[in-house]
$ cat start.pdb   # PDB, C-alpha atoms, pLDDT in the B column
ATOM      1  CA  MET A   1     -15.544  40.170  25.240  1.00 48.00           C
ATOM      2  CA  PHE A   2     -18.471  41.821  26.929  1.00 66.00           C
ATOM      3  CA  PHE A   3     -21.361  39.724  28.248  1.00 73.00           C
ATOM      4  CA  GLU A   4     -23.640  42.139  26.410  1.00 93.00           C
ATOM      5  CA  ASP A   5     -21.988  41.204  23.126  1.00 96.00           C
ATOM      6  CA  GLU A   6     -23.263  37.642  23.400  1.00 96.00           C
ATOM      7  CA  TRP A   7     -26.715  38.856  24.467  1.00 96.00           C
ATOM      8  CA  PHE A   8     -27.123  41.121  21.445  1.00 98.00           C
ATOM      9  CA  MET A   9     -25.531  38.575  19.078  1.00 98.00           C
ATOM     10  CA  LYS A  10     -28.266  36.148  20.115  1.00 98.00           C
ATOM     11  CA  MET A  11     -30.793  38.785  19.006  1.00 98.00           C
ATOM     12  CA  ALA A  12     -28.980  39.013  15.675  1.00 98.00           C
ATOM     13  CA  LEU A  13     -29.139  35.201  15.389  1.00 98.00           C
ATOM     14  CA  GLU A  14     -32.920  35.418  15.874  1.00 98.00           C
ATOM     15  CA  GLN A  15     -33.058  37.898  13.003  1.00 98.00           C
ATOM     16  CA  ALA A  16     -30.977  35.528  10.880  1.00 98.00           C
ATOM     17  CA  GLU A  17     -33.512  32.792  11.613  1.00 97.00           C
ATOM     18  CA  HIS A  18     -36.269  35.097  10.298  1.00 97.00           C
ATOM     19  CA  ALA A  19     -34.236  35.504   7.113  1.00 97.00           C
ATOM     20  CA  SER A  20     -33.809  31.741   6.767  1.00 95.00           C
ATOM     21  CA  ASN A  21     -37.552  31.224   7.205  1.00 94.00           C
ATOM     22  CA  GLN A  22     -38.062  33.583   4.242  1.00 95.00           C
ATOM     23  CA  SER A  23     -35.517  31.695   2.063  1.00 92.00           C
ATOM     24  CA  GLU A  24     -32.986  34.487   2.539  1.00 96.00           C
ATOM     25  CA  VAL A  25     -29.373  33.819   3.456  1.00 96.00           C
ATOM     26  CA  PRO A  26     -29.512  33.759   7.277  1.00 96.00           C
ATOM     27  CA  VAL A  27     -27.720  36.921   8.293  1.00 98.00           C
ATOM     28  CA  GLY A  28     -29.180  39.103  11.004  1.00 98.00           C
ATOM     29  CA  ALA A  29     -28.208  42.405  12.565  1.00 98.00           C
ATOM     30  CA  VAL A  30     -29.050  44.602  15.543  1.00 98.00           C
ATOM     31  CA  ILE A  31     -28.022  48.205  16.285  1.00 98.00           C
ATOM     32  CA  VAL A  32     -27.793  49.254  19.914  1.00 98.00           C
ATOM     33  CA  ASP A  33     -27.071  52.674  21.430  1.00 97.00           C
ATOM     34  CA  GLN A  34     -24.535  53.281  24.195  1.00 94.00           C
ATOM     35  CA  ALA A  35     -27.213  52.757  26.866  1.00 94.00           C
ATOM     36  CA  GLY A  36     -27.966  49.287  25.489  1.00 94.00           C
ATOM     37  CA  ILE A  37     -31.263  50.281  23.887  1.00 96.00           C
ATOM     38  CA  VAL A  38     -32.027  48.432  20.670  1.00 97.00           C
ATOM     39  CA  LEU A  39     -32.580  50.984  17.906  1.00 98.00           C
ATOM     40  CA  ALA A  40     -33.184  48.561  15.047  1.00 98.00           C
ATOM     41  CA  LYS A  41     -33.187  44.906  14.039  1.00 98.00           C
ATOM     42  CA  GLY A  42     -33.019  43.502  10.551  1.00 98.00           C
ATOM     43  CA  HIS A  43     -32.021  40.630   8.323  1.00 98.00           C
ATOM     44  CA  ASN A  44     -31.143  39.913   4.724  1.00 98.00           C
ATOM     45  CA  LEU A  45     -33.840  40.899   2.232  1.00 97.00           C
ATOM     46  CA  LYS A  46     -32.019  40.534  -1.100  1.00 96.00           C
ATOM     47  CA  GLU A  47     -34.288  37.828  -2.499  1.00 95.00           C
ATOM     48  CA  GLN A  48     -37.520  39.360  -1.259  1.00 95.00           C
ATOM     49  CA  THR A  49     -36.733  42.845  -2.571  1.00 96.00           C
ATOM     50  CA  ASN A  50     -34.628  41.844  -5.605  1.00 97.00           C
ATOM     51  CA  ASN A  51     -32.105  44.352  -4.333  1.00 97.00           C
ATOM     52  CA  PRO A  52     -28.384  43.550  -4.080  1.00 96.00           C
ATOM     53  CA  CYS A  53     -28.135  46.139  -1.296  1.00 97.00           C
ATOM     54  CA  GLY A  54     -30.568  44.172   0.877  1.00 97.00           C
ATOM     55  CA  HIS A  55     -27.862  42.982   3.270  1.00 98.00           C
ATOM     56  CA  ALA A  56     -28.784  42.735   6.952  1.00 98.00           C
ATOM     57  CA  GLU A  57     -26.393  45.547   7.862  1.00 98.00           C
ATOM     58  CA  ILE A  58     -27.818  47.972   5.294  1.00 98.00           C
ATOM     59  CA  VAL A  59     -31.425  47.125   6.203  1.00 98.00           C
ATOM     60  CA  THR A  60     -30.695  47.648   9.891  1.00 98.00           C
ATOM     61  CA  ILE A  61     -28.712  50.855   9.372  1.00 98.00           C
ATOM     62  CA  MET A  62     -31.612  52.313   7.383  1.00 98.00           C
ATOM     63  CA  LYS A  63     -34.089  51.395  10.131  1.00 98.00           C
ATOM     64  CA  ALA A  64     -31.865  52.914  12.844  1.00 98.00           C
ATOM     65  CA  CYS A  65     -31.436  56.132  10.850  1.00 98.00           C
ATOM     66  CA  GLU A  66     -35.190  56.354  10.412  1.00 98.00           C
ATOM     67  CA  GLN A  67     -35.714  55.731  14.142  1.00 96.00           C
ATOM     68  CA  LEU A  68     -33.235  58.462  15.122  1.00 97.00           C
ATOM     69  CA  GLU A  69     -34.152  60.766  12.224  1.00 97.00           C
ATOM     70  CA  ASP A  70     -30.434  61.161  11.594  1.00 98.00           C
ATOM     71  CA  TRP A  71     -27.946  59.483   9.270  1.00 97.00           C
ATOM     72  CA  ARG A  72     -25.273  59.644  11.956  1.00 97.00           C
ATOM     73  CA  LEU A  73     -25.265  56.583  14.186  1.00 98.00           C
ATOM     74  CA  GLU A  74     -22.440  57.730  16.438  1.00 96.00           C
ATOM     75  CA  ASN A  75     -21.958  55.882  19.726  1.00 96.00           C
ATOM     76  CA  THR A  76     -23.821  52.827  18.482  1.00 98.00           C
ATOM     77  CA  THR A  77     -22.814  49.202  18.100  1.00 98.00           C
ATOM     78  CA  LEU A  78     -23.819  47.027  15.174  1.00 98.00           C
ATOM     79  CA  TYR A  79     -24.118  43.308  15.898  1.00 98.00           C
ATOM     80  CA  VAL A  80     -24.161  41.118  12.803  1.00 98.00           C
ATOM     81  CA  THR A  81     -23.940  37.355  12.455  1.00 98.00           C
ATOM     82  CA  LEU A  82     -21.530  37.422   9.499  1.00 97.00           C
ATOM     83  CA  GLU A  83     -18.422  39.501   8.869  1.00 96.00           C
ATOM     84  CA  PRO A  84     -19.415  42.573   6.808  1.00 96.00           C
ATOM     85  CA  CYS A  85     -18.602  42.808   3.107  1.00 95.00           C
ATOM     86  CA  ALA A  86     -17.003  45.863   1.478  1.00 94.00           C
ATOM     87  CA  MET A  87     -20.394  47.437   0.651  1.00 96.00           C
ATOM     88  CA  CYS A  88     -21.590  47.104   4.233  1.00 96.00           C
ATOM     89  CA  ALA A  89     -18.251  48.303   5.619  1.00 95.00           C
ATOM     90  CA  GLY A  90     -18.673  51.462   3.548  1.00 94.00           C
ATOM     91  CA  ALA A  91     -22.180  52.013   4.917  1.00 97.00           C
ATOM     92  CA  ILE A  92     -20.935  51.390   8.462  1.00 97.00           C
ATOM     93  CA  ILE A  93     -18.174  53.971   8.049  1.00 96.00           C
ATOM     94  CA  HIS A  94     -20.451  56.545   6.395  1.00 96.00           C
ATOM     95  CA  SER A  95     -23.126  56.175   9.069  1.00 97.00           C
ATOM     96  CA  ARG A  96     -20.491  56.730  11.785  1.00 97.00           C
ATOM     97  CA  ILE A  97     -21.227  53.530  13.705  1.00 98.00           C
ATOM     98  CA  GLY A  98     -18.640  53.345  16.479  1.00 96.00           C
ATOM     99  CA  ARG A  99     -18.339  49.610  16.986  1.00 97.00           C
ATOM    100  CA  VAL A 100     -19.066  46.447  15.003  1.00 97.00           C
ATOM    101  CA  VAL A 101     -19.354  43.024  16.587  1.00 98.00           C
ATOM    102  CA  PHE A 102     -19.693  40.109  14.187  1.00 97.00           C
ATOM    103  CA  GLY A 103     -20.055  36.366  14.581  1.00 97.00           C
ATOM    104  CA  ALA A 104     -18.808  34.193  11.720  1.00 96.00           C
ATOM    105  CA  TYR A 105     -15.828  35.113   9.587  1.00 95.00           C
ATOM    106  CA  ASP A 106     -16.504  35.232   5.835  1.00 92.00           C
ATOM    107  CA  HIS A 107     -13.425  34.051   3.966  1.00 88.00           C
ATOM    108  CA  LYS A 108     -15.109  34.578   0.583  1.00 87.00           C
ATOM    109  CA  GLY A 109     -16.407  38.118   0.994  1.00 87.00           C
ATOM    110  CA  GLY A 110     -15.636  39.521   4.417  1.00 89.00           C
ATOM    111  CA  VAL A 111     -13.817  42.827   4.373  1.00 88.00           C
ATOM    112  CA  LEU A 112     -11.317  41.644   7.008  1.00 84.00           C
ATOM    113  CA  SER A 113     -10.857  38.034   5.897  1.00 81.00           C
ATOM    114  CA  CYS A 114     -10.253  39.076   2.291  1.00 79.00           C
ATOM    115  CA  SER A 115      -7.582  41.607   3.318  1.00 77.00           C
ATOM    116  CA  MET A 116      -9.648  44.616   2.243  1.00 80.00           C
ATOM    117  CA  ASN A 117      -9.812  46.050   5.742  1.00 80.00           C
ATOM    118  CA  LEU A 118     -11.588  49.331   5.089  1.00 80.00           C
ATOM    119  CA  PHE A 119     -12.048  49.699   8.831  1.00 82.00           C
ATOM    120  CA  GLY A 120      -8.289  49.973   9.282  1.00 78.00           C
ATOM    121  CA  ASN A 121      -7.722  52.457   6.460  1.00 80.00           C
ATOM    122  CA  GLN A 122      -5.985  55.424   8.089  1.00 81.00           C
ATOM    123  CA  LYS A 123      -7.053  57.769   5.274  1.00 82.00           C
ATOM    124  CA  LEU A 124     -10.731  57.499   6.164  1.00 84.00           C
ATOM    125  CA  ASN A 125     -12.234  60.091   8.482  1.00 82.00           C
ATOM    126  CA  HIS A 126     -14.052  57.638  10.759  1.00 87.00           C
ATOM    127  CA  LYS A 127     -12.597  54.805  12.814  1.00 91.00           C
ATOM    128  CA  VAL A 128     -14.638  51.783  13.808  1.00 93.00           C
ATOM    129  CA  GLU A 129     -13.823  49.381  16.628  1.00 94.00           C
ATOM    130  CA  ILE A 130     -14.159  45.783  15.396  1.00 94.00           C
ATOM    131  CA  VAL A 131     -14.757  42.637  17.452  1.00 95.00           C
ATOM    132  CA  GLY A 132     -14.978  39.375  15.529  1.00 95.00           C
ATOM    133  CA  GLY A 133     -15.875  35.803  16.345  1.00 95.00           C
ATOM    134  CA  VAL A 134     -18.582  36.422  18.967  1.00 96.00           C
ATOM    135  CA  LEU A 135     -20.696  33.241  19.036  1.00 97.00           C
ATOM    136  CA  HIS A 136     -18.769  32.232  15.926  1.00 96.00           C
ATOM    137  CA  PHE A 137     -19.798  28.570  16.102  1.00 96.00           C
ATOM    138  CA  GLU A 138     -23.512  29.343  16.364  1.00 97.00           C
ATOM    139  CA  CYS A 139     -23.404  31.921  13.576  1.00 96.00           C
ATOM    140  CA  ALA A 140     -21.352  29.715  11.240  1.00 95.00           C
ATOM    141  CA  LYS A 141     -23.535  26.666  11.930  1.00 96.00           C
ATOM    142  CA  GLN A 142     -26.699  28.568  11.035  1.00 95.00           C
ATOM    143  CA  LEU A 143     -25.195  29.481   7.666  1.00 94.00           C
ATOM    144  CA  SER A 144     -23.820  25.976   7.062  1.00 93.00           C
ATOM    145  CA  VAL A 145     -27.167  24.317   7.752  1.00 92.00           C
ATOM    146  CA  PHE A 146     -28.949  26.763   5.432  1.00 92.00           C
ATOM    147  CA  PHE A 147     -26.584  26.150   2.508  1.00 89.00           C
ATOM    148  CA  LYS A 148     -26.484  22.388   3.091  1.00 89.00           C
ATOM    149  CA  GLN A 149     -30.285  22.299   2.906  1.00 87.00           C
ATOM    150  CA  ARG A 150     -30.271  24.503  -0.178  1.00 83.00           C
ATOM    151  CA  ARG A 151     -27.732  22.244  -1.946  1.00 85.00           C
ATOM    152  CA  SER A 152     -29.794  19.138  -1.105  1.00 84.00           C
ATOM    153  CA  GLY A 153     -32.875  20.734  -2.677  1.00 73.00           C
ATOM    154  CA  HIS A 154     -34.669  21.225   0.640  1.00 63.00           C
ATOM    155  CA  LYS A 155     -36.978  24.237   0.470  1.00 56.00           C
ATOM    156  CA  GLN A 156     -36.953  26.635   3.404  1.00 49.00           C
TER     157      GLN A 156
END
$ encode --input "start.pdb" --output "structure tokens"
Amino acid sequence: MFFEDEWFMKMALEQAEHASNQSEVPVGAVIVDQAGIVLAKGHNLKEQTNNPCGHAEIVTIMKACEQLEDWRLENTTLYVTLEPCAMCAGAIIHSRIGRVVFGAYDHKGGVLSCSMNLFGNQKLNHKVEIVGGVLHFECAKQLSVFFKQRRSGHKQ
């Protein structure tokens, strides 16, 4: 694991905290270029926008594409606090992101944990390097606390 991976995952955790403060599921994301320059940050916006595509990854990919004025995000790394779902994996592949680093595994909807590994599909024209479990405890705890509070009726 690269030291930088933890550094940028902490930025993604900050984004997840912003989501939590807005009563969104606390998932945050950051896209960084190969020089380590942050191109975009984002977090879940499903509730706020009433849009099922408002996942942190999608929001952040759209911001990075706007920043670069290009839909191709080659030679970038996406840091996200939760393992991507199938929808987000598709967007990652189509946007040509080169590397994904995620924190917590998602055994209910994660593309890797649910054995739907789109990233490993040899028929697809783009390959993505995947690193999982970076700051796993911190990422998982943030989600656990959020859902525990939600179940107890505590408003964010």
$ residues_around --input "start.pdb" --residues "Phe119 of chain A" --least-positions-apart "6" --cutoff "10 Å" --atoms "all atoms listed in the file" --output "ChimeraX atom specification"
/A:86,89-90,92-93,100,111-112,126-130
$ closest_residue --input "start.pdb" --among "A:Phe146, A:Leu39, A:Gly132, A:Leu82" --to "Lys108 of chain A" --atoms "all atoms listed in the file"
A:Leu82
$ closest_residue --input "start.pdb" --among "A:Ala104, A:Ile31, A:Trp71, A:Gly110" --to "Ser144 of chain A" --atoms "all atoms listed in the file"
A:Ala104
$ resolve_selection --input "start.pdb" --expression "the PyMOL selection byres ((chain A and resi 7) around 12)" --output "list in words"
Met1, Phe2, Phe3, Glu4, Asp5, Glu6, Phe8, Met9, Lys10, Met11, Ala12, Leu13, Glu14, Val30, Val32, Gly36, Val38, Tyr79, Val101, Val134 and Leu135 of chain A
$ residues_around --input "start.pdb" --residues "His18 of chain A" --least-positions-apart "3" --cutoff "12 Å" --atoms "all atoms listed in the file" --output "PDB file with C-alpha atoms, keeping the file's coordinate frame"
ATOM      1  CA  MET A  11     -30.793  38.785  19.006  1.00 98.00           C
ATOM      2  CA  ALA A  12     -28.980  39.013  15.675  1.00 98.00           C
ATOM      3  CA  LEU A  13     -29.139  35.201  15.389  1.00 98.00           C
ATOM      4  CA  GLU A  14     -32.920  35.418  15.874  1.00 98.00           C
ATOM      5  CA  GLN A  15     -33.058  37.898  13.003  1.00 98.00           C
ATOM      6  CA  ASN A  21     -37.552  31.224   7.205  1.00 94.00           C
ATOM      7  CA  GLN A  22     -38.062  33.583   4.242  1.00 95.00           C
ATOM      8  CA  SER A  23     -35.517  31.695   2.063  1.00 92.00           C
ATOM      9  CA  GLU A  24     -32.986  34.487   2.539  1.00 96.00           C
ATOM     10  CA  VAL A  25     -29.373  33.819   3.456  1.00 96.00           C
ATOM     11  CA  PRO A  26     -29.512  33.759   7.277  1.00 96.00           C
ATOM     12  CA  VAL A  27     -27.720  36.921   8.293  1.00 98.00           C
ATOM     13  CA  GLY A  28     -29.180  39.103  11.004  1.00 98.00           C
ATOM     14  CA  ALA A  29     -28.208  42.405  12.565  1.00 98.00           C
ATOM     15  CA  LYS A  41     -33.187  44.906  14.039  1.00 98.00           C
ATOM     16  CA  GLY A  42     -33.019  43.502  10.551  1.00 98.00           C
ATOM     17  CA  HIS A  43     -32.021  40.630   8.323  1.00 98.00           C
ATOM     18  CA  ASN A  44     -31.143  39.913   4.724  1.00 98.00           C
ATOM     19  CA  LEU A  45     -33.840  40.899   2.232  1.00 97.00           C
ATOM     20  CA  ALA A  56     -28.784  42.735   6.952  1.00 98.00           C
ATOM     21  CA  GLN A 142     -26.699  28.568  11.035  1.00 95.00           C
ATOM     22  CA  GLN A 156     -36.953  26.635   3.404  1.00 49.00           C
TER      23      GLN A 156
END
$ closest_residue --input "start.pdb" --among "A:Glu83, A:Leu118, A:Ser95, A:Gln149" --to "Val131 of chain A" --atoms "all atoms listed in the file"
A:Glu83
$ residues_around --input "start.pdb" --residues "Gln67 of chain A" --least-positions-apart "4" --cutoff "9 Å" --atoms "only C-alpha atoms" --output "compact mmCIF listing (two decimals) with C-alpha atoms, in the coordinates of the input"
# COMPACT_ATOMS: atom_id res chain seq x y z
CA LEU A 39 -32.58 50.98 17.91
CA ALA A 40 -33.18 48.56 15.05
CA MET A 62 -31.61 52.31 7.38
CA LYS A 63 -34.09 51.40 10.13
$ closest_residue --input "start.pdb" --among "A:Thr81, A:Gln122, A:Ser115, A:Asn75" --to "Phe102 of chain A" --atoms "all atoms listed in the file"
A:Thr81
$ atom_distance --input "start.pdb" --atom1 "atom CA of Met87 of chain A" --atom2 "atom CA of Gly54 of chain A"
10.7 Å
$ atom_distance --input "start.pdb" --atom1 "atom CA of Gly98 of chain A" --atom2 "atom CA of Asp33 of chain A"
9.8 Å
$ build_atoms --input "start.pdb" --residues "segment 30-41 of chain A" --atoms "all heavy atoms" --output "mmCIF file, in the coordinates of the input"
data_model
loop_
_atom_site.group_PDB
_atom_site.id
_atom_site.type_symbol
_atom_site.label_atom_id
_atom_site.label_comp_id
_atom_site.auth_asym_id
_atom_site.auth_seq_id
_atom_site.Cartn_x
_atom_site.Cartn_y
_atom_site.Cartn_z
ATOM 1 N N VAL A 30 -28.402 43.790 14.522
ATOM 2 C CA VAL A 30 -29.050 44.602 15.543
ATOM 3 C C VAL A 30 -28.165 45.814 15.780
ATOM 4 O O VAL A 30 -26.937 45.687 15.834
ATOM 5 C CB VAL A 30 -29.204 43.804 16.866
ATOM 6 C CG1 VAL A 30 -29.774 44.671 17.971
ATOM 7 C CG2 VAL A 30 -30.063 42.567 16.658
ATOM 8 N N ILE A 31 -28.768 46.992 15.924
ATOM 9 C CA ILE A 31 -28.022 48.205 16.285
ATOM 10 C C ILE A 31 -28.505 48.665 17.644
ATOM 11 O O ILE A 31 -29.712 48.785 17.884
ATOM 12 C CB ILE A 31 -28.170 49.319 15.233
ATOM 13 C CG1 ILE A 31 -27.517 48.878 13.924
ATOM 14 C CG2 ILE A 31 -27.552 50.633 15.740
ATOM 15 C CD1 ILE A 31 -27.621 49.877 12.793
ATOM 16 N N VAL A 32 -27.533 48.922 18.521
ATOM 17 C CA VAL A 32 -27.793 49.254 19.914
ATOM 18 C C VAL A 32 -27.087 50.570 20.242
ATOM 19 O O VAL A 32 -25.948 50.799 19.804
ATOM 20 C CB VAL A 32 -27.237 48.134 20.820
ATOM 21 C CG1 VAL A 32 -27.439 48.436 22.277
ATOM 22 C CG2 VAL A 32 -27.870 46.800 20.456
ATOM 23 N N ASP A 33 -27.742 51.443 21.020
ATOM 24 C CA ASP A 33 -27.071 52.674 21.430
ATOM 25 C C ASP A 33 -26.185 52.420 22.648
ATOM 26 O O ASP A 33 -26.136 51.305 23.167
ATOM 27 C CB ASP A 33 -28.069 53.813 21.659
ATOM 28 C CG ASP A 33 -28.931 53.670 22.899
ATOM 29 O OD1 ASP A 33 -28.669 52.799 23.758
ATOM 30 O OD2 ASP A 33 -29.895 54.460 23.020
ATOM 31 N N GLN A 34 -25.503 53.452 23.106
ATOM 32 C CA GLN A 34 -24.535 53.281 24.195
ATOM 33 C C GLN A 34 -25.184 52.917 25.529
ATOM 34 O O GLN A 34 -24.526 52.408 26.426
ATOM 35 C CB GLN A 34 -23.653 54.509 24.343
ATOM 36 C CG GLN A 34 -24.383 55.777 24.666
ATOM 37 C CD GLN A 34 -23.480 56.988 24.556
ATOM 38 O OE1 GLN A 34 -22.363 56.904 24.069
ATOM 39 N NE2 GLN A 34 -23.972 58.123 25.008
ATOM 40 N N ALA A 35 -26.493 53.132 25.648
ATOM 41 C CA ALA A 35 -27.213 52.757 26.866
ATOM 42 C C ALA A 35 -27.746 51.324 26.789
ATOM 43 O O ALA A 35 -28.365 50.845 27.725
ATOM 44 C CB ALA A 35 -28.370 53.728 27.112
ATOM 45 N N GLY A 36 -27.494 50.656 25.653
ATOM 46 C CA GLY A 36 -27.966 49.287 25.489
ATOM 47 C C GLY A 36 -29.388 49.184 24.967
ATOM 48 O O GLY A 36 -29.989 48.115 25.009
ATOM 49 N N ILE A 37 -29.908 50.283 24.451
ATOM 50 C CA ILE A 37 -31.263 50.281 23.887
ATOM 51 C C ILE A 37 -31.188 49.875 22.418
ATOM 52 O O ILE A 37 -30.401 50.433 21.647
ATOM 53 C CB ILE A 37 -31.923 51.665 24.035
ATOM 54 C CG1 ILE A 37 -32.092 51.993 25.521
ATOM 55 C CG2 ILE A 37 -33.254 51.724 23.292
ATOM 56 C CD1 ILE A 37 -32.493 53.416 25.813
ATOM 57 N N VAL A 38 -31.994 48.903 22.050
ATOM 58 C CA VAL A 38 -32.027 48.432 20.670
ATOM 59 C C VAL A 38 -32.738 49.479 19.815
ATOM 60 O O VAL A 38 -33.896 49.819 20.058
ATOM 61 C CB VAL A 38 -32.746 47.068 20.567
ATOM 62 C CG1 VAL A 38 -32.885 46.646 19.111
ATOM 63 C CG2 VAL A 38 -31.991 46.005 21.365
ATOM 64 N N LEU A 39 -32.015 49.984 18.823
ATOM 65 C CA LEU A 39 -32.580 50.984 17.906
ATOM 66 C C LEU A 39 -33.229 50.331 16.700
ATOM 67 O O LEU A 39 -34.209 50.854 16.162
ATOM 68 C CB LEU A 39 -31.487 51.944 17.437
ATOM 69 C CG LEU A 39 -30.782 52.748 18.526
ATOM 70 C CD1 LEU A 39 -29.635 53.551 17.924
ATOM 71 C CD2 LEU A 39 -31.770 53.652 19.237
ATOM 72 N N ALA A 40 -32.657 49.212 16.245
ATOM 73 C CA ALA A 40 -33.184 48.561 15.047
ATOM 74 C C ALA A 40 -32.700 47.121 14.969
ATOM 75 O O ALA A 40 -31.618 46.794 15.466
ATOM 76 C CB ALA A 40 -32.750 49.321 13.799
ATOM 77 N N LYS A 41 -33.522 46.299 14.336
ATOM 78 C CA LYS A 41 -33.187 44.906 14.039
ATOM 79 C C LYS A 41 -33.501 44.683 12.567
ATOM 80 O O LYS A 41 -34.436 45.280 12.030
ATOM 81 C CB LYS A 41 -34.047 43.944 14.851
ATOM 82 C CG LYS A 41 -33.915 44.051 16.349
ATOM 83 C CD LYS A 41 -34.898 43.087 17.004
ATOM 84 C CE LYS A 41 -34.949 43.252 18.495
ATOM 85 N NZ LYS A 41 -35.936 42.341 19.110
#
